[in-house]
$ cat model.txt   # compact mmCIF, C-alpha atoms
# COMPACT_ATOMS: atom_id res chain seq x y z
CA GLY A 29 57.36 -66.05 51.72
CA LYS A 30 54.46 -68.34 50.87
CA GLY A 31 53.50 -69.42 54.35
CA GLU A 32 50.43 -68.31 56.28
CA VAL A 33 50.52 -65.15 58.40
CA ASN A 34 48.38 -65.93 61.43
CA PHE A 35 47.09 -63.34 63.91
CA ASN A 36 44.00 -65.40 64.77
CA ARG A 37 42.50 -64.14 68.08
CA ALA A 38 45.43 -61.76 68.57
CA LYS A 39 45.02 -58.88 71.05
CA PHE A 40 46.89 -55.67 70.33
CA GLY A 41 46.42 -53.81 73.63
CA LYS A 42 45.61 -50.13 73.99
CA GLY A 43 48.13 -48.60 71.58
CA ASP A 44 48.07 -48.08 67.82
CA ALA A 45 48.29 -51.12 65.55
CA ASP A 46 50.55 -50.11 62.68
CA PHE A 47 50.88 -52.44 59.67
CA SER A 48 51.42 -49.64 57.13
CA ASP A 49 53.48 -50.69 54.08
CA ALA A 50 53.70 -54.25 55.41
CA GLN A 51 54.53 -57.06 52.95
CA PHE A 52 52.50 -60.18 53.77
CA GLY A 53 53.93 -62.54 51.16
CA GLU A 54 52.01 -65.00 48.97
CA GLY A 55 50.19 -67.06 51.58
CA ASP A 56 46.94 -66.58 53.47
CA VAL A 57 46.66 -63.79 56.05
CA ASN A 58 44.49 -64.50 59.08
CA PHE A 59 43.29 -61.79 61.49
CA ARG A 60 40.13 -63.67 62.40
CA ILE A 61 38.62 -62.64 65.78
CA ALA A 62 41.58 -60.28 66.31
CA ASN A 63 41.09 -57.44 68.81
CA PHE A 64 42.87 -54.24 67.80
CA GLY A 65 42.37 -52.37 71.06
CA GLU A 66 41.38 -48.74 71.65
CA ARG A 67 43.52 -46.74 69.22
CA ASP A 68 44.08 -46.38 65.47
CA VAL A 69 44.62 -49.31 63.12
CA ASP A 70 46.72 -48.57 60.05
CA PHE A 71 47.23 -50.95 57.10
CA SER A 72 47.89 -48.12 54.61
CA GLY A 73 50.02 -49.23 51.69
CA ALA A 74 50.14 -52.85 52.84
CA GLN A 75 50.68 -55.55 50.20
CA PHE A 76 48.84 -58.87 50.38
CA GLY A 77 49.77 -61.67 48.01
CA GLU A 78 47.77 -64.36 46.23
CA GLY A 79 46.31 -65.88 49.38
CA ASN A 80 43.06 -65.14 51.16
CA VAL A 81 42.71 -62.27 53.64
CA ASP A 82 40.52 -63.04 56.65
CA PHE A 83 39.31 -60.37 59.11
CA ARG A 84 36.12 -62.17 60.13
CA ILE A 85 34.71 -61.13 63.51
CA ALA A 86 37.69 -58.79 64.03
CA ASN A 87 37.17 -55.89 66.45
CA PHE A 88 38.79 -52.64 65.33
CA GLY A 89 38.14 -50.70 68.52
CA LYS A 90 37.40 -46.98 68.81
CA GLY A 91 40.08 -45.33 66.67
CA ASP A 92 40.49 -44.62 62.97
CA VAL A 93 40.95 -47.56 60.62
CA TYR A 94 43.06 -47.09 57.50
CA PHE A 95 43.25 -49.51 54.58
CA CYS A 96 44.20 -46.75 52.11
CA ASN A 97 46.18 -47.81 49.03
CA VAL A 98 46.21 -51.44 50.16
CA ASN A 99 46.72 -54.14 47.54
CA PHE A 100 44.67 -57.16 48.64
CA GLY A 101 45.87 -59.52 45.91
CA ASP A 102 43.63 -61.97 44.05
CA GLY A 103 42.38 -64.06 46.95
CA TYR A 104 39.06 -63.53 48.70
CA VAL A 105 38.84 -60.75 51.29
CA ASN A 106 36.51 -61.45 54.21
CA PHE A 107 35.38 -58.92 56.83
CA ASP A 108 32.17 -60.77 57.77
CA LYS A 109 30.84 -59.68 61.19
CA ALA A 110 33.83 -57.38 61.70
CA LYS A 111 33.18 -54.47 64.07
CA PHE A 112 34.25 -50.87 63.41
CA LEU A 113 32.26 -49.46 66.32
CA GLY A 114 34.32 -46.42 67.26
CA LYS A 115 33.77 -42.79 66.30
CA GLY A 116 36.77 -42.87 64.02
CA PHE A 117 37.18 -42.80 60.28
CA VAL A 118 37.17 -46.05 58.27
CA SER A 119 38.98 -45.62 54.99
CA PHE A 120 39.51 -48.01 52.08
CA LYS A 121 40.35 -45.12 49.74
CA GLU A 122 42.21 -46.22 46.61
CA ALA A 123 42.46 -49.77 47.93
CA GLU A 124 42.93 -52.38 45.21
CA PHE A 125 40.98 -55.62 45.41
CA GLY A 126 41.64 -58.55 43.09
CA ASP A 127 39.24 -60.92 41.37
CA GLY A 128 38.34 -62.79 44.54
CA ASP A 129 35.09 -62.18 46.40
CA ILE A 130 34.96 -59.33 48.93
CA ARG A 131 32.64 -59.77 51.90
CA PHE A 132 31.52 -57.38 54.64
CA CYS A 133 28.33 -59.29 55.44
CA LYS A 134 26.83 -58.40 58.84
CA ALA A 135 29.74 -56.06 59.56
CA LYS A 136 28.99 -53.20 61.96
CA PHE A 137 30.27 -49.67 61.48
CA GLY A 138 30.20 -46.92 64.11
CA LYS A 139 29.69 -43.17 63.95
CA GLY A 140 32.63 -42.35 61.71
CA ALA A 141 32.59 -41.99 57.93
CA VAL A 142 33.26 -45.07 55.78
CA LYS A 143 35.00 -44.36 52.49
CA PHE A 144 35.71 -46.59 49.50
CA ASN A 145 36.37 -43.63 47.20
CA ARG A 146 38.47 -44.53 44.14
CA ALA A 147 38.87 -48.11 45.36
CA GLN A 148 39.30 -50.74 42.61
CA PHE A 149 37.35 -54.00 42.60
CA GLY A 150 37.90 -57.01 40.38
CA ASP A 151 35.46 -59.49 38.86
CA GLY A 152 34.35 -61.07 42.11
CA TYR A 153 31.27 -60.52 44.26
CA VAL A 154 31.26 -57.49 46.57
CA GLU A 155 28.87 -58.37 49.40
CA PHE A 156 27.72 -56.09 52.25
CA ASN A 157 24.48 -57.97 52.94
CA GLY A 158 23.17 -57.41 56.45
CA ALA A 159 25.79 -54.75 57.28
CA GLN A 160 24.92 -51.93 59.69
CA PHE A 161 26.29 -48.43 59.17
CA GLY A 162 26.22 -45.76 61.88
CA ASP A 163 25.83 -41.99 61.63
CA GLY A 164 28.87 -41.52 59.41
CA ASP A 165 28.67 -41.12 55.65
CA LEU A 166 29.30 -44.03 53.29
CA GLY A 167 31.00 -43.15 50.02
CA PHE A 168 31.95 -45.07 46.86
CA LYS A 169 32.60 -42.02 44.71
CA GLY A 170 34.96 -42.83 41.87
CA ALA A 171 35.17 -46.51 42.84
CA LYS A 172 36.05 -48.76 39.89
CA PHE A 173 34.35 -52.10 39.34
CA GLY A 174 34.97 -55.20 37.26
CA ASN A 175 32.44 -57.72 35.96
CA GLY A 176 31.20 -58.56 39.42
CA THR A 177 28.27 -57.69 41.67
CA LEU A 178 27.67 -55.05 44.35
CA ASN A 179 25.13 -56.10 46.97
CA PHE A 180 23.85 -54.13 49.97
CA GLU A 181 20.74 -56.17 50.74
CA HIS A 182 19.11 -56.02 54.21
CA CYS A 183 21.47 -53.22 55.31
CA GLU A 184 20.86 -50.31 57.69
CA PHE A 185 22.23 -46.86 56.83
CA LYS A 186 21.94 -44.05 59.37
CA GLY A 187 24.16 -41.61 57.49
CA TYR A 188 24.36 -40.15 53.99
CA VAL A 189 25.09 -42.79 51.32
CA SER A 190 26.78 -41.94 48.03
CA PHE A 191 27.43 -44.14 45.00
CA GLN A 192 27.88 -41.06 42.82
CA SER A 193 30.15 -41.12 39.77
CA MET A 194 31.42 -44.67 40.13
CA THR A 195 33.94 -45.67 37.45
CA ASP A 196 32.99 -48.44 35.02
CA SER A 197 29.66 -48.93 36.80
CA LYS A 198 28.33 -50.36 33.53
CA ARG A 199 30.53 -53.43 34.08
CA LEU A 200 28.55 -54.47 37.16
CA SER A 201 26.32 -57.45 36.52
CA LYS A 202 24.22 -56.71 39.63
CA PHE A 203 23.69 -53.75 41.96
CA SER A 204 21.23 -54.36 44.76
CA LEU A 205 20.03 -52.33 47.76
CA ARG A 206 16.96 -54.51 48.22
CA HIS A 207 15.30 -54.58 51.66
CA SER A 208 17.68 -51.91 53.02
CA SER A 209 16.70 -48.87 55.09
CA PHE A 210 18.10 -45.35 54.71
CA ASP A 211 17.72 -42.69 57.41
CA LYS A 212 19.31 -39.98 55.27
CA SER A 213 19.67 -39.26 51.56
CA LEU A 214 20.92 -41.70 48.93
CA ASP A 215 22.86 -40.59 45.85
CA ILE A 216 23.27 -42.85 42.78
CA SER A 217 23.69 -40.02 40.27
CA ASP A 218 26.10 -39.86 37.32
CA ASN A 219 26.24 -43.61 36.67
CA THR A 220 25.42 -45.82 33.69
CA PHE A 221 24.48 -49.41 34.48
CA ASN A 222 24.28 -52.57 32.38
CA CYS A 223 21.96 -53.99 35.00
CA ILE A 224 18.81 -52.72 36.71
CA PRO A 225 19.67 -51.29 40.15
CA ASP A 226 17.42 -52.97 42.70
CA LEU A 227 15.81 -50.55 45.17
CA THR A 228 12.70 -52.64 45.74
CA ASN A 229 11.39 -52.93 49.29
CA THR A 230 13.74 -50.19 50.49
CA LYS A 231 12.81 -47.79 53.29
CA LEU A 232 13.69 -44.26 52.17
CA THR A 233 13.07 -41.30 54.46
CA ASN A 234 14.91 -38.64 52.41
CA GLN A 235 15.37 -37.87 48.74
CA VAL A 236 17.05 -40.31 46.39
CA SER A 237 19.23 -38.59 43.79
CA LEU A 238 19.07 -40.33 40.40
CA ASP A 239 20.33 -37.39 38.31
CA ARG A 240 21.98 -38.59 35.10
CA MET A 241 21.65 -42.20 36.20
CA GLU A 242 20.96 -44.29 33.11
CA ILE A 243 20.42 -47.86 32.03
CA SER A 244 22.69 -48.71 29.11
CA ASP A 245 21.08 -49.06 25.68
CA ASN A 246 22.89 -52.42 25.42
CA TYR A 247 20.89 -53.95 28.27
CA PRO A 248 20.17 -56.83 28.35
CA LEU A 249 23.54 -57.91 26.99
CA TYR A 250 22.70 -61.61 26.68
CA GLY A 251 19.28 -63.13 26.16
CA GLY A 252 16.09 -61.59 27.48
CA PHE A 253 15.18 -59.56 30.51
CA ASN A 254 15.30 -60.96 34.02
CA LYS A 255 11.87 -61.80 35.41
CA SER A 256 12.46 -59.32 38.28
CA ASP A 257 13.47 -56.42 36.01
CA GLY A 258 9.91 -55.14 35.68
CA GLU A 259 9.56 -54.78 39.46
CA ARG A 260 12.93 -53.03 39.76
CA LEU A 261 12.14 -50.61 36.94
CA CYS A 262 8.74 -49.83 38.42
CA ARG A 263 10.50 -48.82 41.66
CA LEU A 264 13.01 -46.64 39.79
CA LYS A 265 10.17 -45.01 37.86
CA GLU A 266 8.35 -44.31 41.11
CA LEU A 267 11.44 -42.64 42.59
CA ALA A 268 12.02 -40.56 39.44
CA GLU A 269 8.41 -39.36 39.53
CA ALA A 270 8.80 -38.44 43.20
CA ASN A 271 11.82 -36.32 42.18
CA LYS A 272 9.71 -34.63 39.44
CA SER A 273 12.12 -36.04 36.86
CA TYR A 274 9.48 -36.91 34.28
CA GLN A 275 11.79 -37.61 31.33
CA GLN A 276 13.82 -40.05 33.40
CA ALA A 277 10.61 -41.70 34.60
CA LEU A 278 9.50 -42.12 30.98
CA GLY A 279 12.86 -43.67 30.13
CA PHE A 280 12.44 -46.23 32.92
CA HIS A 281 8.86 -46.81 31.73
CA VAL A 282 10.09 -47.74 28.24
CA ILE A 283 12.49 -50.37 29.60
CA GLU A 284 9.80 -51.60 32.01
CA MET A 285 7.40 -52.14 29.09
CA GLN A 286 10.07 -54.09 27.22
CA ALA A 287 10.83 -56.19 30.30
CA ASN A 288 7.15 -57.02 30.79
CA ARG A 289 6.51 -57.90 27.13
CA GLU A 290 7.18 -61.62 27.60
CA ARG A 291 4.59 -61.74 30.36
CA LEU A 292 1.77 -60.66 28.03
CA PRO A 293 -0.97 -63.29 27.67
CA SER A 294 -0.78 -63.98 23.93
CA GLU A 295 1.47 -63.64 20.91
CA PHE A 296 -0.89 -61.03 19.44
CA TYR A 297 -0.39 -58.70 22.40
CA LYS A 298 3.35 -59.25 22.25
CA LYS A 299 3.41 -58.29 18.55
CA LEU A 300 1.22 -55.25 19.23
CA ASP A 301 3.47 -54.17 22.08
CA TYR A 302 6.55 -54.59 19.90
CA ALA A 303 4.95 -52.53 17.11
CA PHE A 304 4.12 -49.75 19.60
CA TYR A 305 7.78 -49.72 20.65
CA LYS A 306 9.20 -49.70 17.10
CA ILE A 307 6.79 -47.07 15.77
CA ALA A 308 6.73 -44.62 18.68
CA ILE A 309 8.98 -45.93 21.51
CA TYR A 310 5.86 -46.32 23.66
CA GLY A 311 4.66 -42.79 22.94
CA GLN A 312 7.95 -41.03 23.67
CA SER A 313 9.12 -40.32 20.14
CA ILE A 314 7.82 -37.49 17.95
CA THR A 315 10.12 -37.99 14.97
CA LEU A 316 9.44 -41.72 14.44
CA PRO A 317 5.64 -41.53 13.94
CA LEU A 318 6.11 -38.28 11.97
CA ARG A 319 8.55 -40.06 9.67
CA TYR A 320 6.23 -43.05 9.22
CA LEU A 321 3.33 -40.70 8.50
CA GLY A 322 5.41 -39.07 5.76
CA TYR A 323 6.25 -42.47 4.25
CA LEU A 324 2.58 -43.46 4.42
CA THR A 325 1.49 -40.26 2.66
CA LEU A 326 3.97 -40.79 -0.18
CA LEU A 327 3.00 -44.47 -0.52
CA PHE A 328 -0.68 -43.65 -0.96
CA THR A 329 0.21 -40.78 -3.29
CA TYR A 330 1.81 -43.37 -5.55
CA ILE A 331 -1.22 -45.69 -5.23
CA TYR A 332 -3.78 -42.96 -6.07
CA ALA A 333 -1.75 -41.60 -8.99
CA SER A 334 -1.15 -45.10 -10.38
CA MET A 335 -4.86 -45.98 -10.23
CA SER A 336 -5.66 -42.73 -12.07
CA ILE A 337 -3.02 -43.38 -14.73
CA VAL A 338 -4.36 -46.91 -15.33
CA GLN A 339 -7.86 -45.49 -15.87
CA HIS A 340 -6.76 -42.46 -17.88
CA THR A 341 -3.25 -42.48 -19.39
CA PRO A 342 -1.65 -38.98 -19.55
CA GLY A 343 -0.81 -37.62 -22.98
CA HIS A 344 2.38 -35.76 -22.07
CA TRP A 345 5.21 -36.23 -19.55
CA PHE A 346 4.22 -33.16 -17.59
CA ASP A 347 0.72 -34.64 -17.22
CA TRP A 348 2.33 -37.58 -15.43
CA ILE A 349 3.99 -35.20 -12.95
CA ASP A 350 0.76 -33.27 -12.55
CA ARG A 351 -1.11 -36.50 -11.83
CA PHE A 352 1.31 -37.32 -9.00
CA PHE A 353 0.89 -33.84 -7.51
CA ILE A 354 -2.88 -34.28 -7.59
CA GLY A 355 -2.44 -37.69 -5.93
CA LEU A 356 -0.30 -36.03 -3.23
CA LEU A 357 -2.96 -33.40 -2.61
CA TYR A 358 -5.64 -36.08 -2.25
CA SER A 359 -3.37 -38.13 0.02
CA LEU A 360 -2.81 -35.09 2.26
CA SER A 361 -6.55 -34.51 2.43
CA GLN A 362 -6.92 -38.01 3.92
CA VAL A 363 -4.25 -37.23 6.49
CA PHE A 364 -5.98 -34.01 7.61
CA PRO A 365 -9.71 -34.60 6.94
CA PHE A 366 -10.67 -32.39 9.89
CA VAL A 367 -9.31 -29.29 8.08
CA SER A 368 -12.02 -27.56 6.02
CA ALA A 369 -9.67 -26.96 3.09
CA GLY A 370 -8.80 -30.65 3.19
CA ARG A 371 -12.40 -31.69 2.58
CA ASN A 372 -12.71 -29.32 -0.38
CA SER A 373 -9.39 -30.37 -1.88
CA ALA A 374 -10.38 -34.04 -1.56
CA ALA A 375 -13.43 -33.54 -3.78
CA ASP A 376 -11.53 -31.42 -6.34
CA SER A 377 -8.59 -33.83 -6.47
CA LEU A 378 -10.92 -36.79 -6.91
CA ASN A 379 -12.56 -35.15 -9.92
CA LYS A 380 -9.16 -34.45 -11.47
CA LEU A 381 -7.88 -37.97 -10.89
CA PHE A 382 -10.99 -39.53 -12.46
CA PRO A 383 -12.53 -36.83 -14.68
CA CYS A 384 -14.75 -39.13 -16.73
CA GLU A 385 -14.26 -42.67 -15.55
CA THR A 386 -16.04 -44.47 -12.75
CA ILE A 387 -14.05 -44.37 -9.53
CA PRO A 388 -12.84 -47.90 -8.64
CA ASP A 389 -14.18 -49.42 -5.43
CA TRP A 390 -10.62 -50.17 -4.35
CA PHE A 391 -9.89 -46.45 -4.37
CA TYR A 392 -12.36 -45.87 -1.53
CA PHE A 393 -10.94 -48.82 0.37
CA PHE A 394 -7.44 -47.35 0.17
CA SER A 395 -8.77 -43.93 1.23
CA ILE A 396 -10.44 -45.36 4.34
CA PHE A 397 -7.38 -47.46 5.18
CA GLN A 398 -5.08 -44.45 4.85
CA GLY A 399 -7.41 -42.35 6.99
CA VAL A 400 -7.34 -44.90 9.81
CA LEU A 401 -3.55 -45.28 9.72
CA SER A 402 -3.06 -41.51 9.53
CA PHE A 403 -5.27 -41.03 12.58
CA ILE A 404 -3.13 -43.54 14.51
CA PHE A 405 0.11 -41.78 13.56
CA LEU A 406 -1.31 -38.34 14.37
CA PHE A 407 -2.38 -39.66 17.76
CA LEU A 408 1.13 -41.03 18.38
CA ILE A 409 2.67 -37.70 17.38
CA GLY A 410 0.36 -35.91 19.83
CA LEU A 411 1.24 -38.45 22.52
CA GLY A 412 4.93 -37.80 21.87
CA PHE A 413 4.44 -34.05 22.30
CA ARG A 414 2.45 -34.63 25.47
CA ASN A 415 5.16 -36.83 26.99
CA ARG A 416 8.04 -34.67 25.78
CA PHE A 417 6.70 -31.42 27.18
CA ARG A 418 4.53 -32.87 29.97
CA LEU A 419 1.40 -31.19 28.62

$ encode --input "model.txt" --output "structure tokens"
Amino acid sequence: GKGEVNFNRAKFGKGDADFSDAQFGEGDVNFRIANFGERDVDFSGAQFGEGNVDFRIANFGKGDVYFCNVNFGDGYVNFDKAKFLGKGFVSFKEAEFGDGDIRFCKAKFGKGAVKFNRAQFGDGYVEFNGAQFGDGDLGFKGAKFGNGTLNFEHCEFKGYVSFQSMTDSKRLSKFSLRHSSFDKSLDISDNTFNCIPDLTNTKLTNQVSLDRMEISDNYPLYGGFNKSDGERLCRLKELAEANKSYQQALGFHVIEMQANRERLPSEFYKKLDYAFYKIAIYGQSITLPLRYLGYLTLLFTYIYASMSIVQHTPGHWFDWIDRFFIGLLYSLSQVFPFVSAGRNSAADSLNKLFPCETIPDWFYFFSIFQGVLSFIFLFLIGLGFRNRFRL
């Protein structure tokens, strides 16, 4: 039916509490401050309707707790300050949550493992802020998320924590572990996010696995970066460097530079920063500056050959082609002036371009300008090699 199911302050004694495959109808379900006794609690396969589900301050005793394959409906689900303090297993495997908010704030878990593997979450907030986890492992492997948030701020984790290979993790608008402490390892590998995971101010005693964890190229989806993104990316970069994952650290550095661009003191610095990104992806790309150097060389080839043709018009069509090849040779000599053959070819090419006429002053200006730009692109190519191969 549509009425409320009320087990508020209920006490279930010392035996098992079995609600497996129960049908709770369309109304609210209230287990607030319920005491489930000493044995197992089983809600596996239970069906909740459109109402809210309230387990606030419930005490689940010392046995195993099963919410496997539960359908919680579209109402909010609240386990705030609930206690799972036994040594048993706590399982929400393959549970299906609707679009309402899910809260486990200040919940306490005991020594058993806590599993949300392959659970499905809707578009609401998923909040574990202030929760305490015991020695058991916490797992969200394969969990599927909607356009909501996943927050574990100010939490304590004494066991292994895994967010590996979550499904549709890129749909999360926020993923935060801020101010939390981890006594064992943390695994966030094999995920792509459309937000910046927040690990700032976390206490980490063991390794953090970030293998194949990426920030989507589409981030930020709407508008500019969040003002806190730079801090979050700096923390991720720090963790990647600690793991000796230099390429990943460079990837985080690129996004960090983009996030911090708006904080630069003047428009000139912002334009310069943007140019550095477009030309060389902040020193990470080899092909981009190499491509621009090639375009630059061909552009000045055309300029040098055109100035020569204006001064001394070729008599035959093949002289036109020859003039462009001479211009290319001179242009290359400005790209590589430190090569001895380049210096010699520059003088010879100059004599062939202007055999009798006075060399225009503009010609020297273009030569100097090309030399400066070529030096910049060669430096960026070298920087790209250095970053790519960690020279």

$ residues_near_point --input "model.txt" --point "(5.4, -40.3, 12.7)" --cutoff "12 Å" --atoms "only C-alpha atoms" --output "PyMOL selection string"
chain A and resi 304+306-309+311-325+363+401-413

$ residues_around --input "model.txt" --residues "segment 226-239 of chain A" --least-positions-apart "6" --cutoff "10 Å" --atoms "only C-alpha atoms" --output "VMD selection string"
chain A and resid 179 to 184 188 to 192 202 to 219 256 to 257 259 to 264 267 to 268 270 to 271 273 276

$ write_last_selection --input "model.txt" --atoms "C-alpha atoms" --output "PDB file, in the frame of the given file"
ATOM      1  CA  ASN A 179      25.130 -56.100  46.970  1.00  0.00           C
ATOM      2  CA  PHE A 180      23.850 -54.130  49.970  1.00  0.00           C
ATOM      3  CA  GLU A 181      20.740 -56.170  50.740  1.00  0.00           C
ATOM      4  CA  HIS A 182      19.110 -56.020  54.210  1.00  0.00           C
ATOM      5  CA  CYS A 183      21.470 -53.220  55.310  1.00  0.00           C
ATOM      6  CA  GLU A 184      20.860 -50.310  57.690  1.00  0.00           C
ATOM      7  CA  TYR A 188      24.360 -40.150  53.990  1.00  0.00           C
ATOM      8  CA  VAL A 189      25.090 -42.790  51.320  1.00  0.00           C
ATOM      9  CA  SER A 190      26.780 -41.940  48.030  1.00  0.00           C
ATOM     10  CA  PHE A 191      27.430 -44.140  45.000  1.00  0.00           C
ATOM     11  CA  GLN A 192      27.880 -41.060  42.820  1.00  0.00           C
ATOM     12  CA  LYS A 202      24.220 -56.710  39.630  1.00  0.00           C
ATOM     13  CA  PHE A 203      23.690 -53.750  41.960  1.00  0.00           C
ATOM     14  CA  SER A 204      21.230 -54.360  44.760  1.00  0.00           C
ATOM     15  CA  LEU A 205      20.030 -52.330  47.760  1.00  0.00           C
ATOM     16  CA  ARG A 206      16.960 -54.510  48.220  1.00  0.00           C
ATOM     17  CA  HIS A 207      15.300 -54.580  51.660  1.00  0.00           C
ATOM     18  CA  SER A 208      17.680 -51.910  53.020  1.00  0.00           C
ATOM     19  CA  SER A 209      16.700 -48.870  55.090  1.00  0.00           C
ATOM     20  CA  PHE A 210      18.100 -45.350  54.710  1.00  0.00           C
ATOM     21  CA  ASP A 211      17.720 -42.690  57.410  1.00  0.00           C
ATOM     22  CA  LYS A 212      19.310 -39.980  55.270  1.00  0.00           C
ATOM     23  CA  SER A 213      19.670 -39.260  51.560  1.00  0.00           C
ATOM     24  CA  LEU A 214      20.920 -41.700  48.930  1.00  0.00           C
ATOM     25  CA  ASP A 215      22.860 -40.590  45.850  1.00  0.00           C
ATOM     26  CA  ILE A 216      23.270 -42.850  42.780  1.00  0.00           C
ATOM     27  CA  SER A 217      23.690 -40.020  40.270  1.00  0.00           C
ATOM     28  CA  ASP A 218      26.100 -39.860  37.320  1.00  0.00           C
ATOM     29  CA  ASN A 219      26.240 -43.610  36.670  1.00  0.00           C
ATOM     30  CA  SER A 256      12.460 -59.320  38.280  1.00  0.00           C
ATOM     31  CA  ASP A 257      13.470 -56.420  36.010  1.00  0.00           C
ATOM     32  CA  GLU A 259       9.560 -54.780  39.460  1.00  0.00           C
ATOM     33  CA  ARG A 260      12.930 -53.030  39.760  1.00  0.00           C
ATOM     34  CA  LEU A 261      12.140 -50.610  36.940  1.00  0.00           C
ATOM     35  CA  CYS A 262       8.740 -49.830  38.420  1.00  0.00           C
ATOM     36  CA  ARG A 263      10.500 -48.820  41.660  1.00  0.00           C
ATOM     37  CA  LEU A 264      13.010 -46.640  39.790  1.00  0.00           C
ATOM     38  CA  LEU A 267      11.440 -42.640  42.590  1.00  0.00           C
ATOM     39  CA  ALA A 268      12.020 -40.560  39.440  1.00  0.00           C
ATOM     40  CA  ALA A 270       8.800 -38.440  43.200  1.00  0.00           C
ATOM     41  CA  ASN A 271      11.820 -36.320  42.180  1.00  0.00           C
ATOM     42  CA  SER A 273      12.120 -36.040  36.860  1.00  0.00           C
ATOM     43  CA  GLN A 276      13.820 -40.050  33.400  1.00  0.00           C
TER      44      GLN A 276
END

$ residues_around --input "model.txt" --residues "Glu78 of chain A" --least-positions-apart "3" --cutoff "10 Å" --atoms "only C-alpha atoms" --output "ChimeraX atom specification"
/A:30,52-57,81,100-104,126,128

$ residues_near_point --input "model.txt" --point "(-7.8, -37.4, -10.2)" --cutoff "12 Å" --atoms "only C-alpha atoms" --output "JSON, numbers by chain"
{"A": [329, 331, 332, 333, 334, 335, 336, 337, 338, 339, 340, 341, 342, 347, 348, 350, 351, 352, 353, 354, 355, 356, 357, 358, 359, 373, 374, 375, 376, 377, 378, 379, 380, 381, 382, 383, 384, 385, 386, 387, 388, 391]}

$ atom_distance --input "model.txt" --atom1 "atom CA of Gly79 of chain A" --atom2 "atom CA of Asn157 of chain A"
23.5 Å

$ residues_around --input "model.txt" --residues "segment 148-151 of chain A" --least-positions-apart "6" --cutoff "7 Å" --atoms "all atoms listed in the file" --output "list in words"
Glu122, Ala123, Glu124, Phe125, Gly126, Asp127, Ala171, Lys172, Phe173, Gly174, Asn175 and Gly176 of chain A

$ residues_around --input "model.txt" --residues "segment 106-113 of chain A" --least-positions-apart "4" --cutoff "6 Å" --atoms "all atoms listed in the file" --output "list in words"
Asp82, Phe83, Arg84, Ile85, Ala86, Asn87, Phe88, Ile130, Arg131, Phe132, Cys133, Lys134, Ala135, Lys136, Phe137 and Gly138 of chain A

$ atom_distance --input "model.txt" --atom1 "atom CA of Asn34 of chain A" --atom2 "atom CA of Phe59 of chain A"
6.6 Å

$ atom_distance --input "model.txt" --atom1 "atom CA of Asp163 of chain A" --atom2 "atom CA of Asp92 of chain A"
15.0 Å

$ closest_residue --input "model.txt" --among "A:Ala141, A:Arg291, A:Leu166, A:Leu326" --to "Phe253 of chain A" --atoms "only C-alpha atoms"
A:Arg291

$ closest_residue --input "model.txt" --among "A:Val367, A:Val142, A:Ala74, A:Ala38" --to "Gln51 of chain A" --atoms "all atoms listed in the file"
A:Ala74
